[in-house]
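Peer 1: Below is my_file-v1.cif; it holds mmCIF, C-alpha atoms and all ligand atoms.
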data_coords
#
loop_
_atom_site.label_atom_id
_atom_site.label_comp_id
_atom_site.auth_asym_id
_atom_site.auth_seq_id
_atom_site.Cartn_x
_atom_site.Cartn_y
_atom_site.Cartn_z
CA MET K 27 -16.30 63.21 3.03
CA PHE K 28 -19.70 64.85 3.37
CA LEU K 29 -21.81 62.04 4.81
CA GLU K 30 -20.30 58.78 6.05
CA LEU K 31 -22.03 55.61 7.14
CA ARG K 32 -19.73 53.40 9.16
CA SER K 33 -20.84 49.85 9.84
CA VAL K 34 -24.38 51.09 10.41
CA THR K 35 -26.47 48.36 12.03
CA LYS K 36 -30.03 48.16 13.35
CA ARG K 37 -31.71 45.10 14.81
CA PHE K 38 -35.37 44.49 15.52
CA GLY K 39 -35.87 41.59 17.91
CA GLY K 40 -32.49 40.11 17.16
CA VAL K 41 -32.87 40.32 13.38
CA ALA K 42 -30.63 42.82 11.58
CA ALA K 43 -32.84 45.06 9.43
CA VAL K 44 -29.69 47.00 8.49
CA ASP K 45 -26.48 45.00 8.72
CA HIS K 46 -23.07 46.70 8.79
CA VAL K 47 -23.64 49.19 6.00
CA ASP K 48 -20.66 51.31 4.94
CA LEU K 49 -21.08 54.18 2.52
CA ASP K 50 -19.40 57.49 1.66
CA ILE K 51 -21.60 60.14 0.11
CA GLU K 52 -20.15 63.25 -1.50
CA ALA K 53 -21.68 66.69 -1.20
CA GLY K 54 -24.26 67.24 -3.93
CA GLU K 55 -24.65 63.55 -4.79
CA PHE K 56 -28.01 61.94 -5.53
CA ILE K 57 -27.99 58.41 -4.09
CA CYS K 58 -30.76 55.85 -4.41
CA PHE K 59 -31.26 52.98 -2.00
CA LEU K 60 -32.76 50.26 -4.18
CA GLY K 61 -34.00 46.86 -3.13
CA PRO K 62 -37.03 44.63 -2.62
CA SER K 63 -39.66 45.12 0.07
CA GLY K 64 -38.34 44.50 3.56
CA CYS K 65 -34.64 44.75 2.65
CA GLY K 66 -34.08 47.62 5.09
CA LYS K 67 -34.20 50.73 2.90
CA THR K 68 -36.58 52.73 5.07
CA THR K 69 -34.80 51.68 8.24
CA LEU K 70 -31.47 52.88 6.83
CA LEU K 71 -33.02 56.19 5.79
CA ARG K 72 -34.61 56.62 9.22
CA LEU K 73 -31.29 55.92 10.89
CA ILE K 74 -29.72 58.70 8.83
CA ALA K 75 -32.61 61.02 9.63
CA GLY K 76 -32.22 60.29 13.34
CA LEU K 77 -35.70 58.76 13.56
CA GLU K 78 -34.22 55.42 14.67
CA SER K 79 -31.27 54.81 16.96
CA LEU K 80 -28.21 52.83 15.87
CA ASP K 81 -27.35 49.51 17.48
CA GLU K 82 -23.84 49.63 16.06
CA GLY K 83 -21.74 51.88 13.89
CA ALA K 84 -21.72 55.61 13.30
CA ILE K 85 -23.06 58.27 10.96
CA LEU K 86 -20.86 61.31 10.33
CA LEU K 87 -21.76 64.59 8.68
CA ARG K 88 -18.75 66.61 7.53
CA GLY K 89 -16.59 64.50 9.82
CA SER K 90 -18.60 64.94 12.97
CA ASP K 91 -20.49 62.08 14.54
CA LEU K 92 -24.24 62.67 14.58
CA GLY K 93 -24.39 60.28 17.54
CA GLN K 94 -27.45 60.91 19.65
CA LEU K 95 -28.35 64.15 17.88
CA PRO K 96 -32.16 64.03 17.59
CA ALA K 97 -33.85 64.29 14.20
CA ARG K 98 -35.00 67.89 14.59
CA LYS K 99 -31.44 69.05 15.30
CA ARG K 100 -29.94 67.36 12.24
CA ASN K 101 -31.62 69.75 9.83
CA PHE K 102 -32.33 67.02 7.29
CA GLY K 103 -35.37 67.47 5.07
CA VAL K 104 -37.57 64.39 4.87
CA VAL K 105 -40.36 63.45 2.45
CA PHE K 106 -42.31 60.23 2.89
CA GLN K 107 -44.34 58.13 0.50
CA SER K 108 -47.77 59.11 1.68
CA TYR K 109 -48.72 62.70 1.77
CA SER K 110 -47.72 63.77 5.20
CA LEU K 111 -48.93 67.34 4.89
CA PHE K 112 -50.84 68.89 7.78
CA PRO K 113 -54.42 68.65 6.55
CA GLY K 114 -55.66 71.64 8.52
CA MET K 115 -53.04 74.03 7.16
CA THR K 116 -52.91 75.76 3.80
CA VAL K 117 -50.12 74.99 1.35
CA ALA K 118 -48.29 78.17 2.40
CA ARG K 119 -48.58 77.34 6.11
CA ASN K 120 -47.36 73.81 5.50
CA VAL K 121 -44.26 75.15 3.81
CA ALA K 122 -43.80 77.79 6.50
CA TYR K 123 -44.14 75.29 9.34
CA GLY K 124 -40.48 74.30 9.72
CA LEU K 125 -39.39 77.92 9.47
CA ALA K 126 -41.79 79.02 12.19
CA CYS K 127 -40.48 76.21 14.39
CA ARG K 128 -36.98 77.53 13.80
CA LYS K 129 -38.18 81.02 14.76
CA TRP K 130 -37.44 82.65 11.43
CA PRO K 131 -38.65 86.27 11.29
CA ARG K 132 -42.08 86.60 9.71
CA ARG K 133 -40.90 88.51 6.64
CA GLU K 134 -38.20 86.03 5.87
CA ILE K 135 -40.68 83.20 6.21
CA GLU K 136 -43.01 84.85 3.70
CA ALA K 137 -40.23 85.41 1.20
CA ARG K 138 -38.94 81.87 1.61
CA VAL K 139 -42.39 80.32 1.20
CA ASP K 140 -42.88 82.25 -2.04
CA GLU K 141 -39.48 81.18 -3.26
CA MET K 142 -40.14 77.52 -2.44
CA LEU K 143 -43.58 77.53 -4.05
CA ASP K 144 -42.07 79.06 -7.18
CA LEU K 145 -39.50 76.32 -7.19
CA VAL K 146 -42.18 73.61 -7.31
CA HIS K 147 -44.51 75.65 -9.57
CA LEU K 148 -47.28 75.99 -6.99
CA ARG K 149 -47.28 79.72 -6.25
CA ASP K 150 -50.91 80.00 -7.30
CA GLN K 151 -51.95 77.20 -4.91
CA ALA K 152 -50.62 78.85 -1.74
CA GLY K 153 -54.06 79.34 -0.17
CA LYS K 154 -55.42 75.87 -0.86
CA TYR K 155 -55.68 72.98 1.58
CA PRO K 156 -53.97 69.63 0.90
CA HIS K 157 -57.23 67.82 0.11
CA GLU K 158 -57.86 70.30 -2.70
CA LEU K 159 -54.67 69.23 -4.47
CA SER K 160 -53.77 66.20 -6.60
CA GLY K 161 -51.33 63.61 -5.25
CA GLY K 162 -48.51 64.95 -7.38
CA MET K 163 -49.14 68.51 -6.19
CA GLN K 164 -49.18 67.35 -2.58
CA GLN K 165 -45.80 65.68 -3.00
CA ARG K 166 -44.44 68.90 -4.52
CA VAL K 167 -45.68 70.78 -1.46
CA ALA K 168 -44.03 68.16 0.77
CA LEU K 169 -40.82 68.72 -1.18
CA ALA K 170 -41.08 72.50 -0.80
CA ARG K 171 -41.72 72.07 2.91
CA ALA K 172 -38.68 69.80 3.30
CA LEU K 173 -36.43 72.17 1.37
CA ALA K 174 -37.56 75.41 2.97
CA PRO K 175 -35.25 75.36 6.05
CA GLU K 176 -32.20 74.85 3.78
CA PRO K 177 -31.49 71.33 4.99
CA ALA K 178 -28.01 69.84 4.77
CA VAL K 179 -29.41 66.65 3.27
CA LEU K 180 -32.69 65.75 1.58
CA LEU K 181 -34.11 62.31 2.42
CA LEU K 182 -36.91 60.90 0.28
CA ASP K 183 -38.70 57.64 1.06
CA GLU K 184 -40.51 56.40 -2.04
CA PRO K 185 -41.94 59.87 -2.67
CA LEU K 186 -43.41 58.89 -6.03
CA SER K 187 -44.74 55.42 -5.44
CA ALA K 188 -48.31 56.45 -4.63
CA LEU K 189 -48.64 58.45 -7.86
CA ASP K 190 -49.81 57.27 -11.24
CA ALA K 191 -47.27 56.50 -13.95
CA LYS K 192 -47.49 59.77 -15.91
CA VAL K 193 -47.21 62.03 -12.87
CA ARG K 194 -44.39 59.89 -11.55
CA GLU K 195 -42.41 60.37 -14.76
CA THR K 196 -42.83 64.14 -14.70
CA LEU K 197 -41.90 64.38 -11.04
CA ARG K 198 -38.81 62.23 -11.53
CA SER K 199 -37.20 64.79 -13.77
CA GLU K 200 -38.61 67.69 -11.78
CA ILE K 201 -37.04 66.42 -8.56
CA ARG K 202 -33.77 65.63 -10.30
CA ASP K 203 -33.59 69.10 -11.90
CA LEU K 204 -34.38 70.75 -8.60
CA GLN K 205 -31.76 68.69 -6.79
CA LYS K 206 -29.10 69.62 -9.34
CA ARG K 207 -30.06 73.28 -9.30
CA LEU K 208 -29.87 73.46 -5.50
CA GLY K 209 -26.86 71.13 -5.35
CA ILE K 210 -28.41 69.46 -2.33
CA THR K 211 -27.12 66.05 -1.23
CA THR K 212 -30.07 63.70 -1.62
CA ILE K 213 -30.87 60.12 -0.69
CA MET K 214 -33.98 58.55 -2.17
CA VAL K 215 -35.41 55.15 -1.29
CA THR K 216 -37.12 53.24 -4.07
CA HIS K 217 -37.87 49.69 -5.13
CA ASP K 218 -38.27 50.82 -8.75
CA GLN K 219 -35.12 50.12 -10.76
CA ASP K 220 -36.08 52.48 -13.59
CA GLU K 221 -36.57 55.31 -11.14
CA ALA K 222 -33.18 54.65 -9.55
CA MET K 223 -31.42 54.37 -12.90
CA GLU K 224 -33.01 57.53 -14.26
CA MET K 225 -32.46 59.72 -11.21
CA ALA K 226 -29.42 58.62 -9.21
CA ASP K 227 -25.75 59.48 -9.52
CA ARG K 228 -25.07 56.24 -7.70
CA ILE K 229 -27.29 53.36 -6.64
CA LEU K 230 -26.90 51.26 -3.51
CA VAL K 231 -28.51 47.88 -4.02
CA MET K 232 -29.67 46.33 -0.75
CA ASN K 233 -30.72 42.80 0.04
CA ARG K 234 -31.64 41.53 3.49
CA GLY K 235 -30.13 44.49 5.28
CA ARG K 236 -26.82 44.34 3.48
CA ILE K 237 -25.19 46.13 0.58
CA GLU K 238 -24.93 43.95 -2.50
CA GLN K 239 -23.28 46.59 -4.68
CA VAL K 240 -22.87 50.36 -4.94
CA GLY K 241 -22.20 52.05 -8.24
CA VAL K 242 -23.41 54.07 -11.19
CA ALA K 243 -26.29 52.52 -13.14
CA GLN K 244 -24.13 51.52 -16.12
CA ASP K 245 -21.72 49.56 -13.93
CA LEU K 246 -24.48 47.77 -12.06
CA TYR K 247 -26.05 46.79 -15.35
CA ARG K 248 -22.88 45.83 -17.20
CA ARG K 249 -20.95 44.32 -14.33
CA PRO K 250 -23.32 43.11 -11.63
CA ALA K 251 -21.22 41.82 -8.74
CA THR K 252 -23.81 39.32 -7.62
CA ARG K 253 -26.59 37.31 -9.11
CA PHE K 254 -29.07 39.30 -7.04
CA VAL K 255 -27.94 42.64 -8.52
CA GLY K 256 -28.01 41.27 -12.04
CA GLU K 257 -31.53 39.96 -11.64
CA PHE K 258 -32.83 43.01 -9.81
CA ILE K 259 -31.49 45.52 -12.33
CA GLY K 260 -32.74 44.38 -15.69
CA ARG K 261 -33.15 40.74 -16.72
CA LEU K 262 -30.44 38.15 -16.61
CA ASN K 263 -29.77 34.60 -17.73
CA VAL K 264 -27.73 32.82 -15.09
CA LEU K 265 -25.96 29.74 -16.41
CA GLU K 266 -24.31 27.11 -14.27
CA ARG K 267 -20.88 26.37 -15.63
CA GLU K 268 -21.36 22.71 -14.84
CA ARG K 269 -24.34 22.38 -17.17
CA TRP K 270 -23.35 24.88 -19.84
CA GLY K 271 -19.56 24.33 -19.95
CA ASP K 272 -19.29 22.87 -23.45
CA LEU K 273 -21.66 25.39 -24.95
CA LEU K 274 -19.75 28.45 -23.79
CA PRO K 275 -17.01 30.02 -25.87
CA PRO K 276 -13.64 30.42 -24.22
CA ALA K 277 -13.71 33.74 -22.40
CA GLY K 278 -11.42 35.66 -20.04
CA ASP K 279 -11.27 35.00 -16.34
CA LEU K 280 -14.63 33.40 -15.70
CA SER K 281 -13.70 31.38 -12.68
CA GLU K 282 -17.04 31.59 -10.87
CA ALA K 283 -19.46 28.69 -10.97
CA LEU K 284 -22.18 31.00 -12.32
CA LEU K 285 -22.03 32.87 -15.60
CA ALA K 286 -24.45 35.51 -16.68
CA ILE K 287 -25.63 37.01 -19.93
CA ARG K 288 -28.33 39.60 -20.62
CA PRO K 289 -31.23 38.43 -22.85
CA GLU K 290 -30.40 41.08 -25.47
CA HIS K 291 -26.87 39.70 -25.83
CA VAL K 292 -27.85 36.16 -26.76
CA ARG K 293 -27.52 36.03 -30.55
CA LEU K 294 -29.99 34.10 -32.66
CA LEU K 295 -28.49 32.46 -35.74
CA ALA K 296 -29.97 32.58 -39.19
CA ALA K 297 -30.77 29.17 -40.68
CA ASP K 298 -27.66 29.06 -42.87
CA GLU K 299 -25.26 30.66 -40.39
CA ALA K 300 -22.31 28.58 -39.17
CA PRO K 301 -20.24 30.45 -36.59
CA ALA K 302 -16.81 29.29 -35.36
CA GLY K 303 -17.74 28.71 -31.71
CA PRO K 304 -20.27 26.45 -30.02
CA VAL K 305 -23.88 26.65 -31.16
CA VAL K 306 -26.80 25.96 -28.82
CA GLU K 307 -30.09 24.49 -29.98
CA GLY K 308 -33.33 25.01 -28.16
CA ARG K 309 -37.07 24.89 -28.49
CA VAL K 310 -39.20 28.01 -28.14
CA ARG K 311 -41.45 27.77 -25.08
CA LYS K 312 -42.89 31.28 -24.93
CA VAL K 313 -43.06 34.33 -27.15
CA ALA K 314 -43.91 37.77 -25.81
CA PHE K 315 -44.28 40.61 -28.29
CA LEU K 316 -43.48 43.83 -26.40
CA GLY K 317 -43.69 46.42 -29.16
CA ASN K 318 -40.08 47.51 -29.59
CA MET K 319 -38.83 43.99 -28.98
CA THR K 320 -39.80 40.36 -28.72
CA ARG K 321 -38.83 38.20 -25.75
CA LEU K 322 -38.42 34.48 -26.31
CA LEU K 323 -38.08 31.80 -23.69
CA VAL K 324 -36.04 29.00 -25.20
CA GLU K 325 -35.41 25.59 -23.69
CA ALA K 326 -32.06 24.01 -24.45
CA ASP K 327 -30.78 20.72 -23.03
CA ALA K 328 -28.71 22.63 -20.49
CA GLY K 329 -31.61 24.80 -19.32
CA LEU K 330 -33.85 27.77 -20.11
CA VAL K 331 -32.59 30.95 -21.76
CA GLU K 332 -34.35 34.24 -22.33
CA ILE K 333 -33.58 35.95 -25.60
CA GLU K 334 -34.62 39.48 -26.53
CA VAL K 335 -34.75 40.46 -30.16
CA HIS K 336 -35.11 44.06 -31.24
CA GLY K 337 -36.67 44.77 -34.59
CA PRO K 338 -38.47 42.29 -36.80
CA LEU K 339 -38.21 38.62 -35.89
CA GLN K 340 -37.66 36.11 -38.73
CA GLN K 341 -38.19 33.03 -36.60
CA GLY K 342 -39.71 32.20 -33.26
CA GLU K 343 -43.01 30.35 -33.11
CA VAL K 344 -43.80 28.36 -29.99
CA GLY K 345 -42.47 24.83 -30.52
CA GLU K 346 -39.98 25.85 -33.20
CA THR K 347 -36.32 24.90 -32.80
CA LEU K 348 -33.82 27.77 -32.84
CA ARG K 349 -30.04 28.02 -32.85
CA PHE K 350 -28.16 30.67 -30.91
CA VAL K 351 -24.76 31.55 -29.54
CA LEU K 352 -23.64 33.02 -26.21
CA PRO K 353 -21.00 35.58 -27.27
CA GLY K 354 -17.96 35.43 -25.01
CA GLU K 355 -17.63 39.20 -24.78
CA HIS K 356 -21.06 39.40 -23.12
CA LEU K 357 -20.59 36.59 -20.61
CA SER K 358 -19.62 37.59 -17.11
CA ALA K 359 -19.04 35.74 -13.89
CA VAL K 360 -21.46 36.45 -11.05
CA SER K 361 -21.13 35.37 -7.46
CA ALA K 362 -24.05 33.67 -5.75
CA GLY K 363 -24.17 36.19 -2.88
CA PRO K 364 -22.53 39.29 -1.41
CA ARG K 365 -18.75 39.21 -1.23
N1 LIG E 401 -40.25 49.35 14.01
C1 LIG E 401 -40.00 48.10 13.63
N2 LIG E 401 -40.14 47.07 14.48
C2 LIG E 401 -39.85 45.80 14.12
N3 LIG E 401 -39.42 45.46 12.89
C3 LIG E 401 -39.25 46.43 12.00
C4 LIG E 401 -39.53 47.81 12.30
N4 LIG E 401 -39.27 48.55 11.21
C5 LIG E 401 -38.86 47.69 10.26
N5 LIG E 401 -38.84 46.42 10.71
C6 LIG E 401 -38.41 45.24 9.96
O1 LIG E 401 -37.16 45.51 9.39
C7 LIG E 401 -37.05 45.01 8.07
C8 LIG E 401 -36.74 46.13 7.10
O2 LIG E 401 -37.86 46.99 7.02
P1 LIG E 401 -37.87 48.32 6.15
O3 LIG E 401 -39.14 49.01 6.41
O4 LIG E 401 -36.62 49.06 6.41
O5 LIG E 401 -37.83 47.73 4.68
P2 LIG E 401 -38.00 48.48 3.29
O6 LIG E 401 -36.85 48.04 2.45
O7 LIG E 401 -38.20 49.92 3.48
O8 LIG E 401 -39.31 47.78 2.70
P3 LIG E 401 -40.51 48.43 1.80
O9 LIG E 401 -40.00 48.46 0.40
O10 LIG E 401 -41.60 47.42 1.97
O11 LIG E 401 -40.84 49.77 2.36
C9 LIG E 401 -38.38 44.30 7.80
O12 LIG E 401 -38.21 42.94 8.07
C10 LIG E 401 -39.32 44.93 8.79
O13 LIG E 401 -40.33 44.04 9.15
MG MG E 402 -39.76 51.22 3.04
#
Represent the structure from my file as structure tokens, please.
Peer 2:
Amino acid sequence: MFLELRSVTKRFGGVAAVDHVDLDIEAGEFICFLGPSGCGKTTLLRLIAGLESLDEGAILLRGSDLGQLPARKRNFGVVFQSYSLFPGMTVARNVAYGLACRKWPRREIEARVDEMLDLVHLRDQAGKYPHELSGGMQQRVALARALAPEPAVLLLDEPLSALDAKVRETLRSEIRDLQKRLGITTIMVTHDQDEAMEMADRILVMNRGRIEQVGVAQDLYRRPATRFVGEFIGRLNVLERERWGDLLPPAGDLSEALLAIRPEHVRLLAADEAPAGPVVEGRVRKVAFLGNMTRLLVEADAGLVEIEVHGPLQQGEVGETLRFVLPGEHLSAVSAGPR
């Protein structure tokens, strides 16, 4: 295995910010740490970078324990959220900085800086100072600077979150293309599910310092292991078996107390439709027209259900009564917390 996290734990004042995290990362993988504010993403990334010390566990690179190896000896490239460029240095000198520290010969530094600036399409900005660049450009310089010393691993902590939506979108695919081209193992922290789903090979969903689930985006979406994952990645109706029992069709092994269904999988019935299974009736509480779809909040006796309808909507005024079914093939069991 390329990078291994073994029971990685970090406490601040007795509280575990990162709590027994285990993870194997393959060479060349792009992993996202995804989770809400305060769940421990940055702390975990800093532990890997060597910027924090472990309280328990181990981190191994190509089988060897990184132990007390300080950050600068790990040769990991790091990019943070806010532009951490040296303000008094030109773009070229920023990118050259790590190479000069590593005592690269001057000529090699020059060639490498050019190469890196080409990579992030900023060759013509080499002589500018950070304050003369846009936010997106500054993050591309930060990326070039992190990549210049040929790091073993690239660590990104919310590198796009300070940028506006359009720039963020462009940079998402730019970073992903670059990462694939270089084949560099990359870990990116984000609290943006779209970003994680678009960019990552695998996503690690964190909650209160612990792993809730690790997997490819499709699996997390289709088969969330916990209620938290299901609600964090996309939208989810969680139905208590006790309340909804009679209204659910017979389905496979749904032994958990909580069942889940995505809003787009709840099927509205036409007025004259009479399906074989149980039909639920509910009153429309809210209607949100979102362009490519309409989202309805419907109140049934057993509780509230969100329904998403793509395309034109025949029915669905606030106050109107609707009928719908919960198709068995789209119901899944979710556990209340981490296993
Ligand atoms: N140096 C520190 N001293 C004390 N507590 C800390 C320290 N760093 C982090 N924490 C605490 O550890 C927990 C995890 O923080 P962390 O910064 O890793 O979260 P995060 O997931 O990166 O959140 P965000 O999305 O807001 O950046 C929080 O409760 C935080 O207050
Ligand atoms: Mg953070």
Peer 1: What's around stretch 314-327 of chain K at 9 Å? Count only C-alpha atoms, leave out sequence neighbours fewer than 2 positions away in its own chain, and write the answer as number ranges by chain.
Peer 2: K: 269, 289-290, 306-312, 329-339, 342, 344, 347-348
Peer 1: Could you name the residues that touch stretch 47-58 of chain K at 7 Å or less, counting all atoms listed in the file, but leaving out those on the same chain fewer than 2 positions away, as a PyMOL selection string?
Peer 2: chain K and resi 27-35+44-45+60+209-216+222+226-230+236-237
Peer 1: How many Å separate atom CA of K:Asn101 from atom CA of K:Ala178?
Peer 2: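 According to the coordinates, atom CA of K:Asn101 and atom CA of K:Ala178 are separated by 6.2 Å.
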Peer 1: Would you kindly return, as a PyMOL selection string, each protein, DNA or RNA residue with an atom no farther than 8 Å from any atom of K:Leu246, considering all atoms listed in the file and excluding same-chain residues fewer than 6 positions away?
Peer 2: chain K and resi 239-240+255-256+259
Peer 1: By how many Å are atom CA of K:Phe102 and atom CA of K:Val179 apart?
Peer 2: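 Taking atom CA of K:Phe102 and atom CA of K:Val179, their separation equals 5.0 Å.
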Peer 1: Any chance you could model N, CA and C atoms for stretch 149-168 of chain K and send them as a JSON list (two decimals), in the coordinates of the input?
Peer 2:
[["chain", "number", "residue", "atom", "x", "y", "z"],
["K", 149, "ARG", "N", -47.05, 78.40, -6.85],
["K", 149, "ARG", "CA", -47.28, 79.72, -6.25],
["K", 149, "ARG", "C", -48.76, 80.04, -6.18],
["K", 150, "ASP", "N", -49.48, 79.65, -7.23],
["K", 150, "ASP", "CA", -50.91, 80.00, -7.30],
["K", 150, "ASP", "C", -51.78, 79.09, -6.43],
["K", 151, "GLN", "N", -51.17, 78.11, -5.76],
["K", 151, "GLN", "CA", -51.95, 77.20, -4.91],
["K", 151, "GLN", "C", -51.75, 77.49, -3.42],
["K", 152, "ALA", "N", -51.07, 78.58, -3.13],
["K", 152, "ALA", "CA", -50.62, 78.85, -1.74],
["K", 152, "ALA", "C", -51.76, 78.80, -0.73],
["K", 153, "GLY", "N", -52.96, 79.25, -1.12],
["K", 153, "GLY", "CA", -54.06, 79.34, -0.17],
["K", 153, "GLY", "C", -54.91, 78.09, -0.07],
["K", 154, "LYS", "N", -54.60, 77.09, -0.87],
["K", 154, "LYS", "CA", -55.42, 75.87, -0.86],
["K", 154, "LYS", "C", -55.04, 74.94, 0.28],
["K", 155, "TYR", "N", -55.96, 74.02, 0.57],
["K", 155, "TYR", "CA", -55.68, 72.98, 1.58],
["K", 155, "TYR", "C", -55.26, 71.70, 0.87],
["K", 156, "PRO", "N", -54.47, 70.85, 1.55],
["K", 156, "PRO", "CA", -53.97, 69.63, 0.90],
["K", 156, "PRO", "C", -55.03, 68.82, 0.16],
["K", 157, "HIS", "N", -56.22, 68.67, 0.77],
["K", 157, "HIS", "CA", -57.23, 67.82, 0.11],
["K", 157, "HIS", "C", -57.74, 68.41, -1.20],
["K", 158, "GLU", "N", -57.43, 69.68, -1.44],
["K", 158, "GLU", "CA", -57.86, 70.30, -2.70],
["K", 158, "GLU", "C", -56.84, 70.10, -3.82],
["K", 159, "LEU", "N", -55.74, 69.42, -3.49],
["K", 159, "LEU", "CA", -54.67, 69.23, -4.47],
["K", 159, "LEU", "C", -54.59, 67.78, -4.92],
["K", 160, "SER", "N", -54.02, 67.57, -6.13],
["K", 160, "SER", "CA", -53.77, 66.20, -6.60],
["K", 160, "SER", "C", -52.60, 65.61, -5.82],
["K", 161, "GLY", "N", -52.42, 64.30, -5.94],
["K", 161, "GLY", "CA", -51.33, 63.61, -5.25],
["K", 161, "GLY", "C", -49.96, 64.18, -5.61],
["K", 162, "GLY", "N", -49.78, 64.41, -6.91],
["K", 162, "GLY", "CA", -48.51, 64.95, -7.38],
["K", 162, "GLY", "C", -48.24, 66.32, -6.80],
["K", 163, "MET", "N", -49.29, 67.16, -6.76],
["K", 163, "MET", "CA", -49.14, 68.51, -6.19],
["K", 163, "MET", "C", -48.79, 68.42, -4.71],
["K", 164, "GLN", "N", -49.45, 67.48, -4.01],
["K", 164, "GLN", "CA", -49.18, 67.35, -2.58],
["K", 164, "GLN", "C", -47.72, 66.95, -2.34],
["K", 165, "GLN", "N", -47.20, 66.07, -3.19],
["K", 165, "GLN", "CA", -45.80, 65.68, -3.00],
["K", 165, "GLN", "C", -44.86, 66.85, -3.32],
["K", 166, "ARG", "N", -45.27, 67.72, -4.24],
["K", 166, "ARG", "CA", -44.44, 68.90, -4.52],
["K", 166, "ARG", "C", -44.46, 69.86, -3.34],
["K", 167, "VAL", "N", -45.61, 69.95, -2.68],
["K", 167, "VAL", "CA", -45.68, 70.78, -1.46],
["K", 167, "VAL", "C", -44.78, 70.17, -0.38],
["K", 168, "ALA", "N", -44.86, 68.85, -0.24],
["K", 168, "ALA", "CA", -44.03, 68.16, 0.77],
["K", 168, "ALA", "C", -42.55, 68.43, 0.50]]
